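A.B. asks: For reference, the structure I am asking about is given below.
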Number of protein chains: 4
Amino acid sequence: MKRLPLILATAAILLSAATAHAAERHEIAFPDLPGQKTLKCDFHMHTVFSSDGKVWPTVRVDEAWRLGLDAIAITDHIECQPHKADVPTKHNRPYELAAGHARILDILLIKATEITRNLPPGHFNALFLSDINPLETKDFVEAVKQANKQGAFVFWNHQAWQGEERGSWRDVHTTLYDGKLLHGMEICNDLGGGYFPTAHKWCMEKRLTMVGNSDTHAPDLRKKSAPGDHRTLTLVFAKQRTIPAVKEALQAGRTAVWFRQQIIGRKEHLAPLFDKCVRVERPHLRNENVVWTKVRNVCDLDIVLKRTGELGPMELRLPARATTLLKIVAKTPDEPLDLKYSATNFLIAPGKNLDVVLRVGCVRDAP
Amino acid sequence: MKRLPLILATAAILLSAATAHAAERHEIAFPDLPGQKTLKCDFHMHTVFSSDGKVWPTVRVDEAWRLGLDAIAITDHIECQPHKADVPTKHNRPYELAAGHARILDILLIKATEITRNLPPGHFNALFLSDINPLETKDFVEAVKQANKQGAFVFWNHQAWQGEERGSWRDVHTTLYDGKLLHGMEICNDLGGGYFPTAHKWCMEKRLTMVGNSDTHAPDLRKKSAPGDHRTLTLVFAKQRTIPAVKEALQAGRTAVWFRQQIIGRKEHLAPLFDKCVRVERPHLRNENVVWTKVRNVCDLDIVLKRTGELGPMELRLPARATTLLKIVAKTPDEPLDLKYSATNFLIAPGKNLDVVLRVGCVRDAP
Amino acid sequence: MKRLPLILATAAILLSAATAHAAERHEIAFPDLPGQKTLKCDFHMHTVFSSDGKVWPTVRVDEAWRLGLDAIAITDHIECQPHKADVPTKHNRPYELAAGHARILDILLIKATEITRNLPPGHFNALFLSDINPLETKDFVEAVKQANKQGAFVFWNHQAWQGEERGSWRDVHTTLYDGKLLHGMEICNDLGGGYFPTAHKWCMEKRLTMVGNSDTHAPDLRKKSAPGDHRTLTLVFAKQRTIPAVKEALQAGRTAVWFRQQIIGRKEHLAPLFDKCVRVERPHLRNENVVWTKVRNVCDLDIVLKRTGELGPMELRLPARATTLLKIVAKTPDEPLDLKYSATNFLIAPGKNLDVVLRVGCVRDAP
Amino acid sequence: MKRLPLILATAAILLSAATAHAAERHEIAFPDLPGQKTLKCDFHMHTVFSSDGKVWPTVRVDEAWRLGLDAIAITDHIECQPHKADVPTKHNRPYELAAGHARILDILLIKATEITRNLPPGHFNALFLSDINPLETKDFVEAVKQANKQGAFVFWNHQAWQGEERGSWRDVHTTLYDGKLLHGMEICNDLGGGYFPTAHKWCMEKRLTMVGNSDTHAPDLRKKSAPGDHRTLTLVFAKQRTIPAVKEALQAGRTAVWFRQQIIGRKEHLAPLFDKCVRVERPHLRNENVVWTKVRNVCDLDIVLKRTGELGPMELRLPARATTLLKIVAKTPDEPLDLKYSATNFLIAPGKNLDVVLRVGCVRDAP
C-alpha cells in the first residue's frame, strides 16, 4: 500500500463518487405494538467467508438499509469453508468488516455464526456472540455450550429441509433443551424449503421462540421489500431499537414471522398487530339496510379475511397499503356492527388462523 | 325494459359479479396541515356529454376512487357538443348519472360546468352550481353572472394554451374581476400545455385562487397516483372533508398545485406543508466532526434541496416515501445544527423557491 | 355548431395537441404459422351504446392499437339498452363512429352485435354484418337468421356464466346448429366466468369454432398485453391480415384462445404454434454424460412442460420472451436427443395437454 | 473437508435446490449486421479480488446471463488490493473461479486485468491474457508490453474521470500508441463519470477502438437490461460468437457503445445498425394528400429523430420494441417518399448525429 498511495486515494475517490448518494431506504410497513417497536430482522445470511456465500460482508448491510431492515446477523458457517483456499478462515472477520458500515447506516449488526454439523442434529445459529473462535470445537454440544457461555441466543435452523426423518427430535435436542441451551427454531427459511409445520408445533409446545430468516447466499436483487416479493423476516417486538432490546425480546419469545403472504406467530402478538394494521373508518353512507364504509390496511401484507359471523361479505380482501370499500347489509344498521372474520393469513398455530372482529360504527353525517 | 326483465336482471348479475371487488384505492401522501385537511382535488374533466370526452360519467368517479382523490368536478362544456347527434345535450346529466356512485365511494362530487367561448375571453369553469341550464346564454358575462347567482366559484382555465396573445388580460377580465365574478385561475393543466407563469403571477398580484387540474377527456389508465406519474391536482387545505369546506377553502385561497414533480402555492401554505412532509430524525452517529442522521420524506413528491447555507451536502435528494441518509461535517457537532436549503420543487412565486431549514439535533446514545 | 366555429376549432387544436403522439403499440408475440398469419382478435366488447358500457366507441380502437390487437368487433347489445334515455338506441352507430379511427390505426374493425335473449337460449354474437337493424326482431331464431342472411359468423357467448343448467343444450340450439346458423362458441370470456369446459367439449364434438374474448365494458387500463395480464383473445390463423381472411379462418375453425396463462385450441394448430414458439439451440457444452443447451421461448406465454419421457428435467419452465438453460443427463450424449414433454398450458381438449418433443442436437465445437 | 463429508454434501444439496431453476436470461435487442453478429459485451468489472469489489467472481457470470450479455472480462486491479489481508492477492484466481460457470452458461469469459497506475498515465485494461502475473511489474510501460507479448488488446479506461488535466495525452501515451501497444479507449464508463468526448475524439483521429463498460464493483441489481436502465456496454460486430472473433473485431475497430439512451460509434457501423433496427411498413391508408404508415423499432433503444428534410413530423419518437404510427402530408403521396431525419441518439462523432432516410412505399390495397 505504501508503494501506491495516490492510486489508492484516487480509487477511493472514484468509489466514493459512485456511492455518494447512498440508495434510498424503503421502510417496511408493520406498525408498532403498544409499548413495543416492531423491528424487522433477518438472523441468517452468508458472505464469501463461508459456504457458497457470494458477497462481501458490507453488501449485507447495504441490503438491510435498502430493504428496510432494522437488525441483521451475518452467520457464516464455522465448518463449511469451501472458499478457504482463497479466503482463509477467520470467523470474526465478517462482523468486523461490516460493523463500521452498519453504524453509519444505523443497522443493528449482531455478531453471530452458524454451527453446521451432520444431520441430525442439524444446523444451529448462535446470536449475540463476542468471539466466534471458541465455537470451533469437535463436539457439537460443547460448541453450543461455548455459545451459551457468551450469553448467546441459539436456534435450530430449517428443521425439515432434509426431510422429516433427518429433522426429527433426538436425544441431543433434549439435552440442549433441558439444559436451556436451545432457545428458538426457524419455522420458515427462504432457502431451505419454506415453512416447517413441525418446527412451528414444537415452538408452541415447548415455548421456543419462532424466527424466520432468508439464509441468503447470493446478492439480494430486491430494491425494496414488497408484499409479493420480500425476504422471510422475523418481526421482533422490542422495547427499543437496540441490540440488547432485540436480545431481550428474543429471549422472551416476542416475535412473529413474515413469510411470503403470511404472518405467523402467537395469538398474543398477532391480535394487537392485526388491530394496528387494519383501520375501519366511520361509515360514510347508509341506504336503508345497507351501510358503506372504508377499511384501510396500513401494513405490507395483502390481508384476506373469511367471514365466520353473520355480517359482511363472505370474503374480504384488504390489499397492502390501500383502502378497500366495504358494503354491509344489516338488519340494524343504526347500531354499531361487529363483523366476525377469520384472518386467513395470520397463522397462530399450524393450520389455525386468527379470529378477528371489524367494528363498524354508526354512519357519520352526510357531507 | 318491461319486455325483457330477466335479461336485464341477468346482465346486472353479470356486471355485479365483475365489479364485486371494487378496485383498491391508493391514498395520495400529502400530510394534513395543522387544523386543516389536505384534500386532493381535480376540478376539470369531461365525459361523453361534451367535447371529445370519451367516458361515461361514473368512470370519473371510479378514477377518483382508485387514484386517491377526495373531490372532483365533472365540467362538461356548455357550448362544445360535437356528440350531440348521438348524446343529446343535457347539461345536468353528467352530475346526475355520477352522483349515486360518488356517494357510495365517498367521493365529493361537485356540480360544475365549463363555459367555453372564443378566445379571448377563453374558457372558464364554474363550480358548486345547482342548475347548469341557466348558464346556456349568448352573452358571456351574463353566463358568468348566472353562475355567480348560484354562488359559484369561477376560475379561468388554461390561460396561455393558445399563446400569450390570446391569453392576455382584456377588459372583459377586468369586468369579471372588478365585479368579483372571477375567483381563481388554473396555473397548471395537463392537457392545455402544462404550467402558465403569467397566470401564476396574476394569482399572486390579484389574490386569485390557484388551481391545477387534469382537463382529462380520455380514460385515465393510471392504477394509482405516483410521484412520477400523476394527474395535475389541486391540494385544498379545508377545515373538513365536505363540499362546503372545499368551497370555503377555495374562496379563501387555501390551495396548492401538484404539477409533475413540483408543488406550487403560497409560502404560507408551502412552508407548513414542507415541515409535515420532511422529518429529520435524531442523529444516530457522530465520529469526531461528522454527524450521520436519517431524513424521512413521507409525501409523494421526490424533494430536491440545494444548499444555501454552510452545512450539509450541496444537493440533497429526498425520494418520495423513503428514508435518506444524511452526512454532515460540522465544527460544532455537539450542538443542534441548522441546515439551510432552497426547496427547488416547492415554488412560491414564478421562479422563486421556498427556503427551508433542516434542524439536526444532538446525537442520541449509541445502540 | 355554426354559432361557434372558432371554439370548436380551438378545442380541436387543443385535443390534437394532446394526441399528436399517439400511444405506442406493443405487438403481442405469438408467431405466424407456416402460410398463415397469427392475428390477435377480440370479438366481444361494449360501449356507451349498450348495457353498462362505459366508453365511447373510438376508445375500443385505441385499446386495440395499444394492446397489439389486429381485429376487433364492437358488439353492443340489441336489447339491453339501459342508457337509452341519454344515448338513444342506434345499432349501427358504434361501428360508424369507430370506423374512421380504425382505418387510421390499421385495426380491422368488424361490424357486429350481441343478440341478448333470456337464458336459455343465451347471448349470441353476430360478426361481419352490413346492417344491424334487421336483427332487432322479437323472435330469437329469426334474429339469428337475419344475421346469417348477411353472411354473419354467429357464436354462443359465455355458455355457462349462469350455471350449467341455464347453459345447457336445448332444442333451440339444435335448430340453430342443424340449420348451420351457429358457427362457434366462446370457450373463455373474461367477464362471464373464465373457462367453459362444456363449451370446449361441444366445440370439439360438433366442429364449432372456438373463440375467447374480453366482453369488456369498462375502460381497459392495460398499457400493453403481458403474459400475466392480458385480455382473453382469439388467435386467428388467417391467410392475410384482412377482414375477409379473418372471416374465412373463423368459418374454417382455424383459431386458438389465449386465456390467462394458457393456449387452448385444436392439436392441428397448437402443435405447429408450439414449434414456432420454442427454439432449442444447438448445445454449447458437453461434460461426459451431461449436455447443456439453451432454449428460447419467443412468445408471450410462460410455458410449463412436464416430462413424459426419460430425458431432461422433470419440469421445465420457459418464461415468455426469455432464454432458459437446459441441462440433460444422457447415456448417449453424442447423438441427437429427443426430450418428451407434456405442454401443461397448451390445452387440446378439456383436461388434455399437447405432447411435444424437444430435439437437442449434437454439441457444437467449443468457443 | 474430510472431517465433514456429509455436511458439505448436504450443504451442496441445499444450494443446488435453491439454484436448480437458474434465473431466466433476457436477450438484449440489437440486431445483427449483414455478415456479423452484434455481441453485447462488458470488458470492465471487479470482484472481491481487488479494489472495493463486492462479489465473488461467479456472480459476474450470473449477471451476464441474466442481463443478456455475450462476453465479459473480469478486470481486477493488479495494484489496488485493499482486501488482501482477507483475500490474498492471486491475479489469475477470479478467472479460474468463474471459468467453469461461464462455460455452463455459455458466456464468453475473457481473461483480463486492470493495470492501475497513478494519473497520468491512468488505468488500462488488458484483455485476452494467458497469465496475469507477469504484468505485476514496477514499470508501467513494461507492464503494458508484457500484456502485448501475450497478444492482449489494451485500452485506456475512463480517460477524464479525474478531470481533463489528468486525462491529457502525455508522452507515455505516445510511446504506447507509436509502439502499437495501445488499441482502444473507453469513451463511456458507468462508474467513472459517463461519456468522455475527448476520448471519443481521439478514437476518431487515431483509429483507436471505442469501448464502453460498466466498471461495476457492487452487485448488479438489474433483473434484465432495459432501454432506460442498463449497463454501459460495448456492441462488438463479430464474425462469430467466439472469443477469437471478439478479439478480431476489437482489433479491427468494429464496435459501438450503448450508453444510457444513445448508441455511439462509427458511421460505417451505425448506418447499417439503424437500418436493421427501424422497419417502415408499407403504408396502410391514404386520404388525399395524407399517408399513414407504421414504423417498428425492434431494438432496445428509444430512438428520437429530428426532421432535416421536407416530409414527415418535425420530431419522431420510436419507442424501443414498439410500433409507432406515422402520418405524412405529401404533395405526391402516390410515389415512394423519402423522409430525411437526424437520428439524435446515434452519435457518429462528438456532437454529430447520424443522418437517416425513412423510405415510405406506396399504399397497399385496402383491407
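Labeling convention for the C-alpha cells: chains A, B, ... as they appear, residues from 1 per chain, ligands from 1 in order of appearance.
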Give me the residues within 12 Å of Asn287 of chain D as a CSV table (one decimal) with N, CA and C atoms, in the first residue's frame, counting only C-alpha atoms and dropping any in the same chain fewer than 3 places off.
C.D. replies:
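File around-v1.csv, as written:
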chain,number,residue,atom,x,y,z
C,100,GLY,N,-63.6,5.2,-38.9
C,100,GLY,CA,-62.5,6.1,-39.5
C,100,GLY,C,-61.2,6.0,-38.6
C,103,ARG,N,-59.4,2.8,-39.4
C,103,ARG,CA,-58.7,2.8,-40.6
C,103,ARG,C,-57.3,3.5,-40.4
C,104,ILE,N,-57.3,4.6,-39.7
C,104,ILE,CA,-56.1,5.3,-39.5
C,104,ILE,C,-55.1,4.4,-38.7
D,283,PRO,N,-47.4,1.6,-46.3
D,283,PRO,CA,-48.5,2.4,-45.8
D,283,PRO,C,-49.8,1.7,-45.9
D,284,HIS,N,-50.7,1.9,-44.9
D,284,HIS,CA,-52.0,1.2,-44.9
D,284,HIS,C,-53.1,2.1,-45.3
D,290,VAL,N,-52.7,12.8,-47.6
D,290,VAL,CA,-52.1,12.3,-46.3
D,290,VAL,C,-51.9,10.8,-46.4
D,291,VAL,N,-50.8,10.3,-45.9
D,291,VAL,CA,-50.5,8.9,-45.9
D,291,VAL,C,-50.2,8.5,-44.5
D,292,TRP,N,-50.7,7.3,-44.1
D,292,TRP,CA,-50.5,6.7,-42.8
D,292,TRP,C,-49.7,5.4,-42.9
D,293,THR,N,-48.7,5.3,-42.1
D,293,THR,CA,-48.0,4.0,-42.1
D,293,THR,C,-47.5,3.7,-40.6
D,327,LYS,N,-47.8,9.7,-39.7
D,327,LYS,CA,-48.7,10.4,-40.6
D,327,LYS,C,-47.8,11.4,-41.4
D,328,ILE,N,-48.0,11.3,-42.7
D,328,ILE,CA,-47.2,12.1,-43.6
D,328,ILE,C,-48.1,12.9,-44.5
D,329,VAL,N,-47.9,14.2,-44.6
D,329,VAL,CA,-48.6,15.0,-45.5
D,329,VAL,C,-47.7,15.3,-46.7
D,330,ALA,N,-48.1,14.9,-47.9
D,330,ALA,CA,-47.2,15.0,-49.1
D,330,ALA,C,-48.0,15.4,-50.3
D,331,LYS,N,-47.2,16.1,-51.2
D,331,LYS,CA,-47.9,16.5,-52.4
D,331,LYS,C,-48.0,15.4,-53.4
D,332,THR,N,-47.1,14.4,-53.3
D,332,THR,CA,-47.1,13.3,-54.3
D,332,THR,C,-47.2,12.0,-53.5
D,333,PRO,N,-48.3,11.8,-52.8
D,333,PRO,CA,-48.4,10.6,-52.0
D,333,PRO,C,-48.5,9.3,-52.8
D,334,ASP,N,-48.6,9.4,-54.1
D,334,ASP,CA,-48.7,8.1,-54.9
D,334,ASP,C,-47.3,7.7,-55.4
D,363,VAL,N,-49.1,3.1,-51.0
D,363,VAL,CA,-50.1,2.5,-50.2
D,363,VAL,C,-50.5,1.1,-50.7
D,366,ALA,N,-56.4,-1.6,-49.8
D,366,ALA,CA,-57.2,-1.5,-48.5
D,366,ALA,C,-57.6,-2.9,-48.1
A.B. asks: Residues of chain C within 8 Å of chain D, counting only C-alpha atoms, what are they? List them as a ChimeraX atom specification.
C.D. replies: /C:22-27,103-106,108,241-243,284-285,292,319,321-325,367
A.B. asks: Let me see the file: selected residues, N, CA and C atoms, as a short mmCIF file (atom, residue, chain, number, x, y, z; two decimals), in the first residue's frame.
C.D. replies:
data_model
loop_
_atom_site.label_atom_id
_atom_site.label_comp_id
_atom_site.auth_asym_id
_atom_site.auth_seq_id
_atom_site.Cartn_x
_atom_site.Cartn_y
_atom_site.Cartn_z
N ALA C 22 -49.58 9.68 -30.75
CA ALA C 22 -50.43 8.58 -30.33
C ALA C 22 -49.60 7.61 -29.52
N ALA C 23 -50.24 6.95 -28.57
CA ALA C 23 -49.53 5.99 -27.72
C ALA C 23 -48.86 4.95 -28.60
N GLU C 24 -47.78 4.40 -28.09
CA GLU C 24 -47.09 3.36 -28.83
C GLU C 24 -47.89 2.05 -28.78
N ARG C 25 -47.66 1.25 -29.80
CA ARG C 25 -48.31 -0.05 -29.90
C ARG C 25 -47.30 -1.12 -29.52
N HIS C 26 -47.72 -2.06 -28.68
CA HIS C 26 -46.86 -3.18 -28.29
C HIS C 26 -47.41 -4.44 -28.93
N GLU C 27 -46.70 -4.99 -29.89
CA GLU C 27 -47.16 -6.20 -30.56
C GLU C 27 -47.18 -7.37 -29.57
N ARG C 103 -59.44 2.79 -39.39
CA ARG C 103 -58.68 2.80 -40.65
C ARG C 103 -57.34 3.50 -40.45
N ILE C 104 -57.34 4.59 -39.71
CA ILE C 104 -56.08 5.31 -39.48
C ILE C 104 -55.09 4.45 -38.69
N LEU C 105 -55.58 3.73 -37.71
CA LEU C 105 -54.70 2.93 -36.85
C LEU C 105 -54.49 1.52 -37.40
N ASP C 106 -55.07 1.23 -38.56
CA ASP C 106 -54.92 -0.07 -39.22
C ASP C 106 -55.42 -1.22 -38.35
N LEU C 108 -58.45 -3.84 -37.86
CA LEU C 108 -59.57 -4.41 -38.62
C LEU C 108 -60.81 -4.36 -37.74
N ARG C 241 -53.89 -10.50 -43.41
CA ARG C 241 -54.40 -9.61 -42.37
C ARG C 241 -55.48 -8.71 -42.96
N THR C 242 -56.65 -9.34 -43.27
CA THR C 242 -57.79 -8.61 -43.81
C THR C 242 -59.05 -9.15 -43.14
N ILE C 243 -60.12 -8.37 -43.23
CA ILE C 243 -61.38 -8.82 -42.63
C ILE C 243 -61.91 -10.07 -43.34
N HIS C 284 -24.18 -26.12 -26.24
CA HIS C 284 -22.90 -25.43 -26.21
C HIS C 284 -21.86 -26.14 -25.35
N LEU C 285 -22.26 -27.15 -24.58
CA LEU C 285 -21.29 -27.80 -23.69
C LEU C 285 -21.70 -29.24 -23.43
N TRP C 292 -25.41 -29.37 -22.01
CA TRP C 292 -26.05 -28.09 -21.67
C TRP C 292 -26.46 -27.39 -22.96
N PRO C 319 -39.91 -19.19 -19.42
CA PRO C 319 -40.60 -17.90 -19.30
C PRO C 319 -40.72 -17.19 -20.66
N ARG C 321 -40.61 -14.78 -23.72
CA ARG C 321 -39.61 -13.90 -24.33
C ARG C 321 -38.25 -14.01 -23.65
N ALA C 322 -37.92 -15.18 -23.13
CA ALA C 322 -36.67 -15.33 -22.40
C ALA C 322 -35.96 -16.61 -22.84
N THR C 323 -34.73 -16.72 -22.38
CA THR C 323 -33.90 -17.87 -22.68
C THR C 323 -33.69 -18.66 -21.39
N THR C 324 -33.84 -19.96 -21.47
CA THR C 324 -33.71 -20.83 -20.30
C THR C 324 -32.57 -21.81 -20.53
N LEU C 325 -31.82 -22.08 -19.48
CA LEU C 325 -30.73 -23.04 -19.56
C LEU C 325 -31.29 -24.43 -19.34
N PRO C 367 -16.27 -22.79 -28.00
CA PRO C 367 -15.84 -21.46 -28.44
C PRO C 367 -14.35 -21.25 -28.13
#
A.B. asks: Need to verify the contact set: Gly122 of chain C, 10 Å, only C-alpha atoms, exclusion of same-chain residues closer than 6 positions in sequence. Can you return it as a list in words?
C.D. replies: Ile7 of chain B; Ile115, Thr116, Phe140, Trp156, Asn157, His158, Gln159, Ala160, Trp161, Gln162, Arg166, Gly167, Ser168 and His173 of chain C
A.B. asks: Report as a CSV table (one decimal) with C-alpha atoms, in the first residue's frame all protein, DNA and RNA residues lying within 10 Å of Ala85 of chain B, evaluated on only C-alpha atoms, omitting residues in the same chain fewer than 4 positions from it.
C.D. replies:
chain,number,residue,atom,x,y,z
B,81,GLN,CA,-71.3,19.4,-28.1
B,89,THR,CA,-77.4,17.9,-24.9
C,87,VAL,CA,-77.9,7.7,-25.7
C,88,PRO,CA,-80.8,6.9,-28.0
A.B. asks: Just the residues within 10 Å of segment 228-234 of chain A, please, counting only C-alpha atoms, with nothing from its chain fewer than 3 positions along; format it as a PyMOL selection string.
C.D. replies: chain A and resi 28+38-44+67+69+71-72+186+188-191+194-195+210-216+220+222-225+237+250+255-265+300-302+320
A.B. asks: Atoms to include: N, CA and C atoms. Write the selected residues as a tab-separated table (two decimals), in the first residue's frame.
C.D. replies:
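The resulting file, part.tsv, is reproduced below:
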chain	number	residue	atom	x	y	z
A	28	ILE	N	-40.37	-0.89	5.90
A	28	ILE	CA	-41.40	-1.93	5.81
A	28	ILE	C	-42.55	-1.53	6.73
A	38	THR	N	-41.87	-2.61	16.45
A	38	THR	CA	-41.86	-3.80	15.60
A	38	THR	C	-40.63	-3.73	14.71
A	39	LEU	N	-39.57	-4.45	15.11
A	39	LEU	CA	-38.31	-4.41	14.36
A	39	LEU	C	-38.30	-5.54	13.32
A	40	LYS	N	-37.80	-5.20	12.13
A	40	LYS	CA	-37.75	-6.16	11.03
A	40	LYS	C	-36.33	-6.74	10.97
A	41	CYS	N	-36.22	-8.05	11.16
A	41	CYS	CA	-34.91	-8.65	11.39
A	41	CYS	C	-34.68	-9.89	10.53
A	42	ASP	N	-33.43	-10.08	10.14
A	42	ASP	CA	-33.02	-11.30	9.43
A	42	ASP	C	-31.78	-11.83	10.13
A	43	PHE	N	-31.91	-13.01	10.73
A	43	PHE	CA	-30.85	-13.55	11.59
A	43	PHE	C	-30.08	-14.67	10.92
A	44	HIS	N	-30.06	-14.73	9.62
A	44	HIS	CA	-29.41	-15.87	8.95
A	44	HIS	C	-29.01	-15.46	7.54
A	67	LEU	N	-33.68	-2.45	2.07
A	67	LEU	CA	-34.90	-3.23	2.21
A	67	LEU	C	-35.68	-2.91	3.48
A	69	LEU	N	-34.67	-3.16	6.75
A	69	LEU	CA	-34.45	-3.99	7.94
A	69	LEU	C	-33.87	-3.14	9.08
A	71	ALA	N	-32.39	-4.98	12.00
A	71	ALA	CA	-31.29	-5.75	12.59
A	71	ALA	C	-30.98	-6.95	11.73
A	72	ILE	N	-29.69	-7.26	11.62
A	72	ILE	CA	-29.28	-8.47	10.89
A	72	ILE	C	-28.17	-9.18	11.66
A	186	GLU	N	-36.14	-21.91	13.64
A	186	GLU	CA	-36.65	-21.33	12.40
A	186	GLU	C	-37.90	-22.08	12.00
A	188	CYS	N	-39.56	-20.80	9.35
A	188	CYS	CA	-39.54	-20.52	7.92
A	188	CYS	C	-38.13	-20.11	7.52
A	189	ASN	N	-37.77	-20.44	6.29
A	189	ASN	CA	-36.43	-20.16	5.78
A	189	ASN	C	-36.54	-20.13	4.26
A	190	ASP	N	-36.11	-19.04	3.64
A	190	ASP	CA	-36.31	-18.92	2.19
A	190	ASP	C	-35.59	-20.00	1.40
A	191	LEU	N	-34.36	-20.29	1.82
A	191	LEU	CA	-33.55	-21.19	1.02
A	191	LEU	C	-33.91	-22.64	1.27
A	194	GLY	N	-38.91	-23.32	2.90
A	194	GLY	CA	-40.16	-22.64	3.16
A	194	GLY	C	-40.61	-22.69	4.60
A	195	TYR	N	-41.75	-23.31	4.82
A	195	TYR	CA	-42.40	-23.31	6.15
A	195	TYR	C	-42.29	-24.71	6.74
A	210	MET	N	-40.08	-18.36	17.93
A	210	MET	CA	-40.18	-18.57	16.48
A	210	MET	C	-39.38	-17.50	15.74
A	211	VAL	N	-38.53	-17.95	14.82
A	211	VAL	CA	-37.87	-17.00	13.94
A	211	VAL	C	-38.02	-17.46	12.49
A	212	GLY	N	-37.87	-16.52	11.58
A	212	GLY	CA	-37.90	-16.81	10.14
A	212	GLY	C	-36.87	-15.94	9.47
A	213	ASN	N	-36.09	-16.53	8.58
A	213	ASN	CA	-34.94	-15.81	8.02
A	213	ASN	C	-34.75	-16.15	6.55
A	214	SER	N	-33.84	-15.37	5.93
A	214	SER	CA	-33.63	-15.58	4.49
A	214	SER	C	-32.64	-16.70	4.20
A	215	ASP	N	-31.58	-16.82	5.02
A	215	ASP	CA	-30.49	-17.76	4.72
A	215	ASP	C	-29.87	-17.44	3.36
A	216	THR	N	-29.83	-16.16	3.02
A	216	THR	CA	-29.39	-15.79	1.67
A	216	THR	C	-27.89	-15.99	1.48
A	220	ASP	N	-28.84	-10.04	-2.95
A	220	ASP	CA	-30.29	-9.83	-2.96
A	220	ASP	C	-30.59	-8.74	-3.98
A	222	ARG	N	-33.43	-7.40	-4.74
A	222	ARG	CA	-34.60	-6.55	-4.47
A	222	ARG	C	-34.18	-5.11	-4.20
A	223	LYS	N	-34.97	-4.17	-4.71
A	223	LYS	CA	-34.73	-2.76	-4.41
A	223	LYS	C	-35.52	-2.29	-3.21
A	224	LYS	N	-36.61	-2.97	-2.93
A	224	LYS	CA	-37.33	-2.73	-1.69
A	224	LYS	C	-38.11	-3.99	-1.33
A	225	SER	N	-38.59	-4.03	-0.11
A	225	SER	CA	-39.43	-5.15	0.33
A	225	SER	C	-40.86	-4.87	-0.12
A	237	PHE	N	-40.73	-7.79	18.58
A	237	PHE	CA	-41.47	-6.75	19.31
A	237	PHE	C	-40.62	-6.33	20.51
A	250	LEU	N	-36.16	-11.58	21.99
A	250	LEU	CA	-35.99	-12.96	21.51
A	250	LEU	C	-36.07	-13.93	22.68
A	255	THR	N	-41.97	-12.49	19.12
A	255	THR	CA	-41.64	-12.45	17.69
A	255	THR	C	-42.84	-12.91	16.87
A	256	ALA	N	-42.75	-12.60	15.57
A	256	ALA	CA	-43.64	-13.21	14.59
A	256	ALA	C	-42.81	-13.35	13.31
A	257	VAL	N	-43.30	-14.13	12.37
A	257	VAL	CA	-42.54	-14.37	11.15
A	257	VAL	C	-43.35	-13.89	9.95
A	258	TRP	N	-42.71	-13.08	9.09
A	258	TRP	CA	-43.34	-12.64	7.84
A	258	TRP	C	-42.80	-13.54	6.74
A	259	PHE	N	-43.66	-14.46	6.31
A	259	PHE	CA	-43.26	-15.49	5.34
A	259	PHE	C	-44.21	-15.40	4.15
A	260	ARG	N	-43.64	-15.05	3.01
A	260	ARG	CA	-44.49	-14.86	1.81
A	260	ARG	C	-45.71	-14.00	2.17
A	261	GLN	N	-46.91	-14.47	1.91
A	261	GLN	CA	-48.09	-13.64	2.17
A	261	GLN	C	-48.74	-14.02	3.49
A	262	GLN	N	-47.92	-14.33	4.51
A	262	GLN	CA	-48.46	-14.70	5.81
A	262	GLN	C	-47.68	-14.06	6.96
A	263	ILE	N	-48.39	-13.87	8.09
A	263	ILE	CA	-47.75	-13.56	9.36
A	263	ILE	C	-48.01	-14.73	10.28
A	264	ILE	N	-46.94	-15.27	10.85
A	264	ILE	CA	-47.07	-16.45	11.71
A	264	ILE	C	-46.52	-16.08	13.09
A	265	GLY	N	-47.31	-16.37	14.13
A	265	GLY	CA	-46.81	-16.04	15.47
A	265	GLY	C	-47.82	-16.45	16.53
A	300	ASP	N	-47.82	-4.03	5.10
A	300	ASP	CA	-47.28	-4.55	3.84
A	300	ASP	C	-47.73	-5.97	3.53
A	301	LEU	N	-48.86	-6.38	4.11
A	301	LEU	CA	-49.42	-7.70	3.83
A	301	LEU	C	-50.78	-7.53	3.17
A	302	ASP	N	-51.01	-8.25	2.07
A	302	ASP	CA	-52.36	-8.28	1.49
A	302	ASP	C	-53.21	-9.21	2.36
A	320	ALA	N	-52.48	-4.50	0.60
A	320	ALA	CA	-51.48	-3.79	1.40
A	320	ALA	C	-51.46	-2.31	1.07
A.B. asks: Could you give me the residues within segment 260-349 of chain C that DSSP places in alpha helix (DSSP H), as a PyMOL selection string?
C.D. replies: chain C and resi 267-277
A.B. asks: What is the distance, in Å and to one decimal place, between atom CA of Arg279 of chain A and atom CA of Leu354 of chain A?
C.D. replies: 16.8 Å
